[in-house]
$ cat work.txt   # compact mmCIF, C-alpha atoms and all ligand atoms
# COMPACT_ATOMS: atom_id res chain seq x y z
CA VAL A 5 0.00 0.00 0.00
CA LEU A 6 1.02 3.57 -0.67
CA VAL A 7 0.62 6.22 2.01
CA ASP A 8 1.42 9.92 1.76
CA LEU A 9 2.80 10.45 5.28
CA HIS A 10 3.04 14.22 5.28
CA ALA A 11 0.45 16.79 4.17
CA HIS A 12 -0.96 20.09 5.40
CA THR A 13 -4.53 21.33 5.03
CA ALA A 14 -5.86 24.87 5.04
CA PRO A 15 -6.96 26.28 7.38
CA ARG A 16 -5.57 23.97 10.08
CA SER A 17 -2.01 24.69 8.91
CA SER A 18 -1.85 28.43 8.27
CA CYS A 19 0.97 27.95 5.72
CA SER A 20 -1.16 25.67 3.52
CA ARG A 21 -3.28 26.69 0.53
CA ALA A 22 -4.73 23.21 -0.02
CA THR A 23 -8.11 22.09 1.25
CA LEU A 24 -8.62 18.52 2.36
CA GLU A 25 -10.62 17.88 -0.83
CA ASP A 26 -7.67 19.18 -2.95
CA LEU A 27 -5.26 16.87 -1.16
CA VAL A 28 -7.45 13.80 -1.45
CA ALA A 29 -8.15 14.40 -5.15
CA ALA A 30 -4.43 14.75 -5.93
CA ALA A 31 -3.44 11.74 -3.83
CA ARG A 32 -6.13 9.61 -5.49
CA THR A 33 -4.95 10.60 -8.99
CA ARG A 34 -1.49 9.27 -8.15
CA GLY A 35 -2.76 5.97 -6.80
CA VAL A 36 -2.13 6.70 -3.13
CA ASP A 37 -4.24 4.53 -0.78
CA ALA A 38 -4.20 6.63 2.39
CA LEU A 39 -3.22 10.10 3.51
CA CYS A 40 -1.76 11.35 6.80
CA LEU A 41 -2.78 14.83 7.87
CA THR A 42 0.20 16.30 9.68
CA GLU A 43 -0.64 19.87 10.65
CA HIS A 44 1.86 22.05 12.49
CA ASP A 45 1.50 21.56 16.26
CA VAL A 46 -2.19 20.72 16.03
CA ALA A 47 -3.86 17.33 15.81
CA TRP A 48 -7.20 16.53 14.20
CA PRO A 49 -9.74 15.34 16.80
CA ALA A 50 -10.25 11.60 16.18
CA ASP A 51 -14.00 11.93 15.55
CA GLU A 52 -13.51 14.74 13.02
CA LEU A 53 -10.82 12.77 11.23
CA ALA A 54 -13.07 9.71 11.04
CA ALA A 55 -15.98 11.80 9.75
CA ALA A 56 -13.75 13.53 7.17
CA SER A 57 -12.42 10.17 6.06
CA ARG A 58 -15.94 8.86 5.43
CA LEU A 59 -16.87 12.07 3.61
CA VAL A 60 -13.92 11.99 1.18
CA GLY A 61 -13.89 8.19 0.84
CA MET A 62 -10.20 7.74 1.62
CA PRO A 63 -8.50 6.49 4.79
CA LEU A 64 -7.14 9.52 6.66
CA LEU A 65 -4.58 8.77 9.34
CA ALA A 66 -3.56 10.84 12.35
CA GLY A 67 -0.24 12.58 12.63
CA VAL A 68 1.20 15.92 13.67
CA GLU A 69 4.28 17.91 12.70
CA LEU A 70 5.77 19.09 15.96
CA SER A 71 8.09 22.05 16.41
CA THR A 72 10.79 20.75 18.75
CA ASP A 73 14.25 21.70 20.01
CA VAL A 74 15.73 19.83 17.02
CA GLY A 75 13.35 21.32 14.44
CA HIS A 76 10.29 19.63 12.98
CA VAL A 77 9.48 16.04 13.95
CA LEU A 78 6.53 14.06 12.59
CA ALA A 79 4.71 12.02 15.22
CA TYR A 80 2.04 9.37 14.56
CA GLY A 81 -0.12 7.85 17.29
CA PRO A 82 -1.47 9.14 20.60
CA LEU A 83 0.71 11.77 22.29
CA ARG A 84 0.40 12.42 26.02
CA ARG A 85 1.38 16.05 26.45
CA PRO A 86 -0.80 18.96 25.35
CA LEU A 87 0.71 20.20 22.09
CA TRP A 88 0.86 23.84 23.23
CA ALA A 89 3.39 22.76 25.88
CA LYS A 90 5.87 21.88 23.09
CA TYR A 91 8.03 18.79 22.96
CA ARG A 92 11.74 18.29 23.24
CA LEU A 93 13.13 15.34 21.26
CA GLU A 94 14.04 13.44 24.43
CA GLN A 95 10.44 13.69 25.69
CA LEU A 96 9.19 12.27 22.39
CA VAL A 97 11.71 9.45 22.53
CA GLU A 98 10.62 8.65 26.07
CA GLU A 99 6.93 8.57 25.07
CA ALA A 100 7.80 6.36 22.12
CA GLU A 101 9.20 3.69 24.43
CA ASP A 102 5.77 2.16 25.08
CA GLY A 103 5.40 1.40 21.38
CA GLU A 104 2.32 3.48 20.61
CA ILE A 105 3.89 6.29 18.62
CA ALA A 106 6.25 6.45 15.68
CA LEU A 107 8.61 9.33 14.97
CA VAL A 108 9.82 10.46 11.55
CA LEU A 109 12.43 13.12 10.85
CA PRO A 110 11.05 15.28 7.99
CA HIS A 111 13.30 17.25 5.58
CA PRO A 112 16.53 16.42 7.52
CA VAL A 113 18.64 18.92 5.54
CA ARG A 114 16.11 21.49 4.30
CA ARG A 115 17.75 24.70 3.00
CA GLU A 116 21.18 23.13 3.53
CA ALA A 117 21.98 21.94 0.00
CA GLY A 118 21.11 23.05 -3.53
CA GLU A 119 20.87 26.37 -5.34
CA ARG A 120 19.26 28.37 -2.58
CA ALA A 121 21.74 27.21 0.03
CA ALA A 122 24.57 28.12 -2.35
CA ARG A 123 23.09 31.59 -2.97
CA ALA A 124 22.86 32.10 0.79
CA GLY A 125 26.54 31.20 1.05
CA ARG A 126 25.92 27.97 2.95
CA THR A 127 28.25 25.02 2.45
CA PRO A 128 26.30 21.75 2.59
CA PRO A 129 27.23 19.42 5.45
CA VAL A 130 28.99 16.17 4.57
CA PRO A 131 26.80 13.02 4.77
CA ALA A 132 28.57 11.72 7.92
CA GLU A 133 27.76 15.00 9.67
CA VAL A 134 24.05 14.67 8.81
CA ALA A 135 24.00 11.06 10.01
CA ALA A 136 25.70 12.02 13.28
CA ARG A 137 22.91 14.39 14.34
CA THR A 138 20.94 13.30 17.42
CA ALA A 139 17.54 13.09 15.72
CA TRP A 140 18.91 10.86 12.93
CA ARG A 141 19.26 7.84 15.22
CA HIS A 142 16.38 8.58 17.62
CA VAL A 143 13.51 8.64 15.13
CA HIS A 144 12.04 5.47 13.60
CA ALA A 145 12.47 6.67 10.03
CA VAL A 146 13.95 9.51 8.01
CA GLU A 147 12.07 11.39 5.26
CA ALA A 148 14.17 10.95 2.13
CA ALA A 149 12.23 13.28 -0.18
CA SER A 150 9.30 15.71 -0.42
CA THR A 151 8.08 18.66 -2.49
CA GLN A 152 9.63 21.05 0.04
CA THR A 153 13.20 19.90 -0.51
CA THR A 154 15.62 20.09 -3.44
CA THR A 155 17.16 17.28 -5.47
CA ALA A 156 20.56 18.16 -3.94
CA GLU A 157 18.97 17.70 -0.52
CA HIS A 158 17.49 14.35 -1.55
CA ASP A 159 20.97 13.27 -2.74
CA LEU A 160 22.53 14.38 0.54
CA VAL A 161 19.97 12.42 2.60
CA ALA A 162 20.55 9.37 0.38
CA ALA A 163 24.29 9.63 1.03
CA ALA A 164 23.71 10.03 4.79
CA LEU A 165 21.47 6.93 4.68
CA LEU A 166 24.39 5.01 3.18
CA ALA A 167 26.71 6.33 5.91
CA ALA A 168 24.25 5.43 8.72
CA PRO A 169 21.34 3.31 7.44
CA ARG A 170 17.86 4.04 8.81
CA PRO A 171 14.39 3.15 7.55
CA ALA A 172 13.48 5.75 4.91
CA VAL A 173 10.08 7.15 3.93
CA ALA A 174 8.74 9.91 1.69
CA GLY A 175 5.78 12.25 1.88
CA SER A 176 4.58 15.13 -0.25
CA ASP A 177 4.68 17.75 2.53
CA ALA A 178 1.94 19.25 0.35
CA HIS A 179 1.01 22.85 1.14
CA ALA A 180 -0.71 23.57 -2.18
CA PRO A 181 -3.35 21.97 -4.41
CA LYS A 182 -2.26 19.16 -6.78
CA ARG A 183 0.81 18.24 -4.70
CA ALA A 184 -0.45 15.44 -2.45
CA GLY A 185 0.80 12.00 -3.42
CA THR A 186 3.82 13.30 -5.39
CA PHE A 187 5.96 11.48 -2.83
CA ALA A 188 4.71 8.58 -0.74
CA THR A 189 5.78 5.59 1.31
CA ARG A 190 5.30 1.99 0.26
CA PHE A 191 4.31 -0.30 3.13
CA GLN A 192 4.80 -4.04 2.77
CA ARG A 193 1.74 -4.85 4.86
CA PRO A 194 -1.80 -3.45 4.95
CA VAL A 195 -2.25 -0.14 6.78
CA ARG A 196 -5.85 0.29 7.86
CA SER A 197 -5.44 2.44 10.94
CA THR A 198 -3.02 4.80 12.62
CA ALA A 199 -2.04 1.90 14.93
CA ASP A 200 -1.07 -0.22 11.87
CA LEU A 201 0.90 2.72 10.52
CA VAL A 202 2.78 3.12 13.80
CA GLU A 203 3.60 -0.58 13.97
CA GLU A 204 4.89 -0.75 10.40
CA LEU A 205 6.94 2.45 10.72
CA ARG A 206 8.51 1.18 13.94
CA ALA A 207 9.33 -2.12 12.25
CA GLY A 208 10.91 -0.26 9.31
CA ARG A 209 8.85 -2.14 6.72
CA VAL A 210 8.80 0.95 4.50
CA ALA A 211 10.34 2.41 1.36
CA PRO A 212 10.20 5.90 -0.18
CA VAL A 213 8.61 6.33 -3.62
CA ARG A 214 8.33 9.23 -6.06
CA LEU A 215 5.05 9.42 -7.96
CA ASP A 216 5.18 12.78 -9.75
CA GLY A 217 6.77 11.21 -12.83
CA GLU A 218 9.42 13.92 -12.96
CA GLU A 219 13.17 13.60 -13.11
CA GLN A 220 14.07 17.28 -12.99
CA PRO A 221 14.98 19.17 -9.83
CA ASN A 222 12.38 20.16 -7.30
CA HIS A 223 11.46 23.76 -6.80
CA PRO A 224 10.18 24.01 -3.26
CA GLU A 225 7.91 26.92 -2.38
ZN ZN B 1 8.39 20.81 8.33
ZN ZN B 2 5.32 19.74 6.79

$ encode --input "work.txt" --output "structure tokens"
Amino acid sequence: VLVDLHAHTAPRSSCSRATLEDLVAAARTRGVDALCLTEHDVAWPADELAAASRLVGMPLLAGVELSTDVGHVLAYGPLRRPLWAKYRLEQLVEEAEDGEIALVLPHPVRREAGERAARAGRTPPVPAEVAARTAWRHVHAVEAASTQTTTAEHDLVAAALLAAPRPAVAGSDAHAPKRAGTFATRFQRPVRSTADLVEELRAGRVAPVRLDGEEQPNHPE
């Protein structure tokens, strides 16, 4: 099954211009089976997510993109702290010990490699440096590609994955219409619920896939 693990809806994520209907339509066009709604620091109430899922006719799974001391971290499954209290990575890792949540590191090197980084005078880190960062080994999987990152950044993450292998996933990180499903994650086993998703992510039975049919560089917004 194919799941887009990372997407933002308007108005729940203020940075997004895509409605839920936009995201679902785009994901469906690309053959994606389920979509995770990962708003910034806000979770969909379970009943609303279930109702929305019935309405659009596609499994919608629960996630959230947390702002932490190490940057953004995607979390799937039931979190214990109120989100306004903010998480530090070590608190997330501690909560993850009971096996009910899965953590993914999104865009590990965003704005660190590619044209824009070069224009800003930034020298990209070497792969070993990326792989040595704390979050790299504490999450359950690393996001290898999305619409919000450049091809040079995808190459750098791929090289870091060779230096220090981790399970790898992909998600669109869609913030605009027609983007959902451009990147997704292939799961080896069925994913029918957020609990299934958490289990499979934690087991690393995942692979990143690109579904936009393009070979040329990304142009993130
Ligand atoms: Zn992010
Ligand atoms: Zn995001």

$ residues_around --input "work.txt" --residues "Val202 of chain A" --least-positions-apart "5" --cutoff "7 Å" --atoms "all atoms listed in the file" --output "JSON, numbers by chain"
{"A": [80, 81, 104, 105, 106]}

$ residues_near_ligand --input "work.txt" --ligand "ligand ZN 1 (chain B)" --cutoff "8 Å" --atoms "all atoms listed in the file" --output "mmCIF file with C-alpha atoms, keeping the file's coordinate frame"
data_model
loop_
_atom_site.group_PDB
_atom_site.id
_atom_site.type_symbol
_atom_site.label_atom_id
_atom_site.label_comp_id
_atom_site.auth_asym_id
_atom_site.auth_seq_id
_atom_site.Cartn_x
_atom_site.Cartn_y
_atom_site.Cartn_z
ATOM 1 C CA HIS A 44 1.860 22.050 12.490
ATOM 2 C CA GLU A 69 4.280 17.910 12.700
ATOM 3 C CA GLY A 75 13.350 21.320 14.440
ATOM 4 C CA HIS A 76 10.290 19.630 12.980
ATOM 5 C CA VAL A 77 9.480 16.040 13.950
ATOM 6 C CA PRO A 110 11.050 15.280 7.990
ATOM 7 C CA HIS A 111 13.300 17.250 5.580
ATOM 8 C CA ASP A 177 4.680 17.750 2.530
#

$ closest_atom_pairs --input "work.txt" --of "chain A" --to "ligand ZN 2 (chain B)" --cutoff "10 Å" --atoms "all atoms listed in the file" --output "Markdown table"
| residue | atom | partner | partner_atom | distance |
| --- | --- | --- | --- | --- |
| A:Leu9 | CA | B:ZN2 | ZN | 9.7 |
| A:His10 | CA | B:ZN2 | ZN | 6.2 |
| A:Ala11 | CA | B:ZN2 | ZN | 6.3 |
| A:His12 | CA | B:ZN2 | ZN | 6.4 |
| A:Ser17 | CA | B:ZN2 | ZN | 9.1 |
| A:Cys19 | CA | B:ZN2 | ZN | 9.4 |
| A:Ser20 | CA | B:ZN2 | ZN | 9.4 |
| A:Leu41 | CA | B:ZN2 | ZN | 9.5 |
| A:Thr42 | CA | B:ZN2 | ZN | 6.8 |
| A:Glu43 | CA | B:ZN2 | ZN | 7.1 |
| A:His44 | CA | B:ZN2 | ZN | 7.1 |
| A:Val68 | CA | B:ZN2 | ZN | 8.9 |
| A:Glu69 | CA | B:ZN2 | ZN | 6.3 |
| A:Leu70 | CA | B:ZN2 | ZN | 9.2 |
| A:His76 | CA | B:ZN2 | ZN | 7.9 |
| A:Val77 | CA | B:ZN2 | ZN | 9.1 |
| A:Leu78 | CA | B:ZN2 | ZN | 8.2 |
| A:Pro110 | CA | B:ZN2 | ZN | 7.4 |
| A:His111 | CA | B:ZN2 | ZN | 8.4 |
| A:Ser150 | CA | B:ZN2 | ZN | 9.2 |
| A:Thr151 | CA | B:ZN2 | ZN | 9.7 |
| A:Gln152 | CA | B:ZN2 | ZN | 8.1 |
| A:Gly175 | CA | B:ZN2 | ZN | 9.0 |
| A:Ser176 | CA | B:ZN2 | ZN | 8.4 |
| A:Asp177 | CA | B:ZN2 | ZN | 4.7 |
| A:Ala178 | CA | B:ZN2 | ZN | 7.3 |
| A:His179 | CA | B:ZN2 | ZN | 7.8 |

$ write_last_selection --input "work.txt" --atoms "C-alpha atoms" --output "PDB file, in the frame of the given file"
ATOM      1  CA  LEU A   9       2.800  10.450   5.280  1.00  0.00           C
ATOM      2  CA  HIS A  10       3.040  14.220   5.280  1.00  0.00           C
ATOM      3  CA  ALA A  11       0.450  16.790   4.170  1.00  0.00           C
ATOM      4  CA  HIS A  12      -0.960  20.090   5.400  1.00  0.00           C
ATOM      5  CA  SER A  17      -2.010  24.690   8.910  1.00  0.00           C
ATOM      6  CA  CYS A  19       0.970  27.950   5.720  1.00  0.00           C
ATOM      7  CA  SER A  20      -1.160  25.670   3.520  1.00  0.00           C
ATOM      8  CA  LEU A  41      -2.780  14.830   7.870  1.00  0.00           C
ATOM      9  CA  THR A  42       0.200  16.300   9.680  1.00  0.00           C
ATOM     10  CA  GLU A  43      -0.640  19.870  10.650  1.00  0.00           C
ATOM     11  CA  HIS A  44       1.860  22.050  12.490  1.00  0.00           C
ATOM     12  CA  VAL A  68       1.200  15.920  13.670  1.00  0.00           C
ATOM     13  CA  GLU A  69       4.280  17.910  12.700  1.00  0.00           C
ATOM     14  CA  LEU A  70       5.770  19.090  15.960  1.00  0.00           C
ATOM     15  CA  HIS A  76      10.290  19.630  12.980  1.00  0.00           C
ATOM     16  CA  VAL A  77       9.480  16.040  13.950  1.00  0.00           C
ATOM     17  CA  LEU A  78       6.530  14.060  12.590  1.00  0.00           C
ATOM     18  CA  PRO A 110      11.050  15.280   7.990  1.00  0.00           C
ATOM     19  CA  HIS A 111      13.300  17.250   5.580  1.00  0.00           C
ATOM     20  CA  SER A 150       9.300  15.710  -0.420  1.00  0.00           C
ATOM     21  CA  THR A 151       8.080  18.660  -2.490  1.00  0.00           C
ATOM     22  CA  GLN A 152       9.630  21.050   0.040  1.00  0.00           C
ATOM     23  CA  GLY A 175       5.780  12.250   1.880  1.00  0.00           C
ATOM     24  CA  SER A 176       4.580  15.130  -0.250  1.00  0.00           C
ATOM     25  CA  ASP A 177       4.680  17.750   2.530  1.00  0.00           C
ATOM     26  CA  ALA A 178       1.940  19.250   0.350  1.00  0.00           C
ATOM     27  CA  HIS A 179       1.010  22.850   1.140  1.00  0.00           C
TER      28      HIS A 179
END

$ closest_residue --input "work.txt" --among "A:Pro171, A:Pro128, A:Pro15, A:Gly61" --to "Val28 of chain A" --atoms "all atoms listed in the file"
A:Gly61

$ closest_residue --input "work.txt" --among "A:Ala168, A:Leu39, A:Val5, A:Leu65" --to "Gln192 of chain A" --atoms "only C-alpha atoms"
A:Val5

$ closest_residue --input "work.txt" --among "A:Ala29, A:Ala117, A:Val36, A:Ala79" --to "Val134 of chain A" --atoms "all atoms listed in the file"
A:Ala117

$ axis_aligned_box --input "work.txt" --around "segment 109-126 of chain A" --padding-each-side "5 Å" --output "lines of an AutoDock Vina configuration file"
center_x = 18.8
center_y = 22.6
center_z = 2.8
size_x = 25.5
size_y = 29.0
size_z = 26.2

$ closest_residue --input "work.txt" --among "A:Gly125, A:Leu27, A:Val130, A:Val143" --to "Glu98 of chain A" --atoms "all atoms listed in the file"
A:Val143

$ atom_distance --input "work.txt" --atom1 "atom CA of Ala38 of chain A" --atom2 "atom CA of Glu218 of chain A"
21.8 Å

$ residues_around --input "work.txt" --residues "Val213 of chain A" --least-positions-apart "5" --cutoff "10 Å" --atoms "only C-alpha atoms" --output "NGL selection string"
:A and (6-8 or 148-150 or 172-175 or 185-190)

$ closest_residue --input "work.txt" --among "A:His142, A:Ala14, A:Arg196, A:Pro129" --to "Met62 of chain A" --atoms "only C-alpha atoms"
A:Arg196

$ atom_distance --input "work.txt" --atom1 "atom CA of Trp48 of chain A" --atom2 "atom CA of Ala184 of chain A"
18.0 Å

$ closest_residue --input "work.txt" --among "A:Arg16, A:His144, A:Arg183, A:Arg85" --to "Leu215 of chain A" --atoms "only C-alpha atoms"
A:Arg183

$ atom_distance --input "work.txt" --atom1 "atom CA of Pro212 of chain A" --atom2 "atom CA of Val146 of chain A"
9.7 Å

$ residues_near_point --input "work.txt" --point "(11.2, 22.2, 22.4)" --cutoff "9 Å" --atoms "only C-alpha atoms" --output "PDB file with C-alpha atoms, in the coordinates of the input"
ATOM      1  CA  LEU A  70       5.770  19.090  15.960  1.00  0.00           C
ATOM      2  CA  SER A  71       8.090  22.050  16.410  1.00  0.00           C
ATOM      3  CA  THR A  72      10.790  20.750  18.750  1.00  0.00           C
ATOM      4  CA  ASP A  73      14.250  21.700  20.010  1.00  0.00           C
ATOM      5  CA  VAL A  74      15.730  19.830  17.020  1.00  0.00           C
ATOM      6  CA  GLY A  75      13.350  21.320  14.440  1.00  0.00           C
ATOM      7  CA  ALA A  89       3.390  22.760  25.880  1.00  0.00           C
ATOM      8  CA  LYS A  90       5.870  21.880  23.090  1.00  0.00           C
ATOM      9  CA  TYR A  91       8.030  18.790  22.960  1.00  0.00           C
ATOM     10  CA  ARG A  92      11.740  18.290  23.240  1.00  0.00           C
ATOM     11  CA  LEU A  93      13.130  15.340  21.260  1.00  0.00           C
TER      12      LEU A  93
END
